Amino acid sequence: MSASKISCYSLPDLHNTTNDALPNYLTSLKFTQSHSSSNIRLAIGYAAVLISAATFYFDWTLGFEKTKYWTGAAVAVYFALNGAFTWWYLLGDEGLVFEGTREGRKLKLLTHTKPHTPTYFLRAQYTASPSKNSAPPTYQDLKLEIPYTRFFTADGHFVAKPFQQWLASAVPIVGDADPNNVVEEIGRGSDEGAETVKASALEAVMSGMMEQAGGMTDRASGGKRRKKA
Amino acid sequence: MFSSLGNLQPRQLAAQVLNFALVLSTAFMLWKGLSVFTNSSSPIVVVLSGSMEPAFQRGDLLFLWNRGQETQVGEIVVYNVRGKDIPIVHRVIRRFGGGSAPLQLLTKGDNNAADDTELYARGQSYLDRSKDVIGSVVGYVPFVGYVTILLSEYPWLKTAMLVFMALTVVLQRE
């Protein structure tokens with residue numbers, strides 16, 4: 001269960017909280033997370049910022065006339081770098097929340113939102129389980145969606161169990177890693193809570209029945225029993 | 001407000017800071033790009049005084065072009081007085097030289113009684129087109145430059161604006 005509370009009406013909060021929970025769950029299932037996409041984006045971004053800072057420094061100290069041509073070149077390189085990396089990002093990695101491998105199989109999870117729609121959209125790309133014949137495993141592309149109401153409480157707490165159950169049941173490679181969470185119908189809270197409710201209801205019915213039975217044969221100890229119940 | 005920053009992984013924090021750094025550096029590079037394109041060290045200037053009224057008022061934003069070396073009488077130029085960093089926007093009233101000889105200009109503000117000989121540095125009686133002039137005015141937007149005047153008269157506004165922008169960009173995760 002998440003300790004912090006968010007506003008359940010705020011789509012960015014719902015989306016970010018869910019996205020933050022994803023890598024934690026998957027790394028606990030022994031998926032090795034690959035940060036190469038983030039690292040490349042950060043490297044190219046900071047390289048562009050460094051070029052800009054160097055241009056600023058030389059222009060500040062040496063003046064416009066002396067540095068004109070270098071500045072022109074730097075501006076061209078800066079926008080070429082930024083443009084290239086934005087285009088590459090939009091092409092394949094927009095909305096990437098997790099990329100990793102487990103037992104030689106790859107998994108890539110991307111999310112997006114539609115304005116004012118309280119639904120979590122997930123796109124899962126993964127290597128299918130090895131087939132019986134010796135053909136190489138295919139790469140699957142699955143598009144999923146689930147309303148946030150299935151794993152957020154009304155007062156804004158994220159509940160991990162139904163989310164994990166949904167992910168394991170809907171994405172086969174996660175299900176292979178976490179078979180306990182592959183269910184037909186995802187729960188509405190922790191499993192322990194449901195069982196306790198069922199058990200105590202049963203107990204109340206049984207003790208009620210025993211009281212009725214006891215009351216007919218043993219009036220003297222009825223009072224004692226009632227006190228106990 | 002800052003607790004959301006504490007919950008971020010190092011890469012996510014680096015990404016948020018990068019967003020802000022990119023805002024600043026893109027703005028700067030666009031400015032520098034315009035500067036190189038117009039060949040002017042300051043392609044956009046703000047009118048600081050009323051010496052060109054009624055053509056330009058204090059606070060107008062002017063767009064400069066510095067690739068036309070044959071400045072004519074009647075053009076409005078922006079120049080820096082030698083030794084000072086204040087841009088002055090006045091009209092050319094006389095020209096000397098030009099062609100193979102270096103072009104020299106005398107300027108005067110429309111709203112001034114006398115020409116600019118008093119404004120030039122000691123011993124200087126004309127402007128050198130290639131050295132002193134930042135560019136000639138090719139367009140303007142009225143009143144928009146007042147923000148720049150405010151920022152230079154109240155320097156704490158600059159810091160306040162930058163801090164506000166930084167907080168907005170770094171804390172936003174939408």
# chains A, B, ... in the order shown; residues from 1 in each chain; ligands from 1

call {"tool": "interface_residues", "arguments": {"of": "chain A", "to": "chain B", "cutoff": "7 Å", "atoms": "only C-alpha atoms", "output": "PyMOL selection string"}}
result
chain A and resi 12+42+45-46+49+52+64+68+72+75

call {"tool": "write_last_selection", "arguments": {"atoms": "N, CA and C atoms", "output": "PDB file, in the first residue's frame"}}
result
ATOM      1  N   PRO A  12      -2.731  13.737 -13.830  1.00  0.00           N
ATOM      2  CA  PRO A  12      -1.272  13.594 -13.738  1.00  0.00           C
ATOM      3  C   PRO A  12      -0.822  12.865 -12.477  1.00  0.00           C
ATOM      4  N   LEU A  42      19.553  11.891 -21.377  1.00  0.00           N
ATOM      5  CA  LEU A  42      20.232  12.816 -20.475  1.00  0.00           C
ATOM      6  C   LEU A  42      21.572  13.240 -21.053  1.00  0.00           C
ATOM      7  N   GLY A  45      20.994  15.649 -23.967  1.00  0.00           N
ATOM      8  CA  GLY A  45      20.448  16.903 -23.438  1.00  0.00           C
ATOM      9  C   GLY A  45      21.502  17.742 -22.749  1.00  0.00           C
ATOM     10  N   TYR A  46      22.275  17.106 -21.853  1.00  0.00           N
ATOM     11  CA  TYR A  46      23.293  17.873 -21.145  1.00  0.00           C
ATOM     12  C   TYR A  46      24.426  18.298 -22.059  1.00  0.00           C
ATOM     13  N   VAL A  49      23.257  21.450 -23.542  1.00  0.00           N
ATOM     14  CA  VAL A  49      23.323  22.530 -22.548  1.00  0.00           C
ATOM     15  C   VAL A  49      24.763  23.003 -22.380  1.00  0.00           C
ATOM     16  N   SER A  52      25.718  25.208 -25.197  1.00  0.00           N
ATOM     17  CA  SER A  52      25.116  26.518 -24.994  1.00  0.00           C
ATOM     18  C   SER A  52      25.893  27.314 -23.943  1.00  0.00           C
ATOM     19  N   PHE A  64      30.974  39.888 -29.384  1.00  0.00           N
ATOM     20  CA  PHE A  64      30.224  39.309 -30.493  1.00  0.00           C
ATOM     21  C   PHE A  64      31.069  39.163 -31.760  1.00  0.00           C
ATOM     22  N   LYS A  68      31.644  35.428 -33.701  1.00  0.00           N
ATOM     23  CA  LYS A  68      30.478  35.268 -34.601  1.00  0.00           C
ATOM     24  C   LYS A  68      30.374  33.908 -35.270  1.00  0.00           C
ATOM     25  N   GLY A  72      27.729  30.887 -34.643  1.00  0.00           N
ATOM     26  CA  GLY A  72      26.843  30.385 -35.689  1.00  0.00           C
ATOM     27  C   GLY A  72      26.894  28.863 -35.759  1.00  0.00           C
ATOM     28  N   VAL A  75      25.209  27.277 -32.678  1.00  0.00           N
ATOM     29  CA  VAL A  75      23.739  27.318 -32.752  1.00  0.00           C
ATOM     30  C   VAL A  75      23.223  26.210 -33.660  1.00  0.00           C
TER      31      VAL A  75
END

call {"tool": "select_by_dssp", "arguments": {"residues": "segment 123-179 of chain A", "states": "alpha helix (DSSP H)", "output": "VMD selection string"}}
result
chain A and resid 160 to 170 172 to 177

call {"tool": "residues_around", "arguments": {"residues": "Pro142 of chain B", "least_positions_apart": "6", "cutoff": "8 Å", "atoms": "only C-alpha atoms", "output": "PyMOL selection string"}}
result
chain B and resi 56-57+59-61

call {"tool": "atom_distance", "arguments": {"atom1": "atom CA of Phe96 of chain B", "atom2": "atom CA of Trp65 of chain B"}}
result
20.9 Å

call {"tool": "closest_residue", "arguments": {"among": "A:Tyr126, A:Phe85, A:Phe79, A:Trp166", "to": "Gly104 of chain A", "atoms": "only C-alpha atoms"}}
result
A:Tyr126

call {"tool": "select_by_dssp", "arguments": {"residues": "chain B", "states": "strand (DSSP E or B)", "output": "PyMOL selection string"}}
result
chain B and resi 44-46+61-65+76-80+87-98+101-108+127-128+133-141

call {"tool": "atom_distance", "arguments": {"atom1": "atom CA of Val138 of chain B", "atom2": "atom CA of Thr61 of chain A"}}
result
28.9 Å
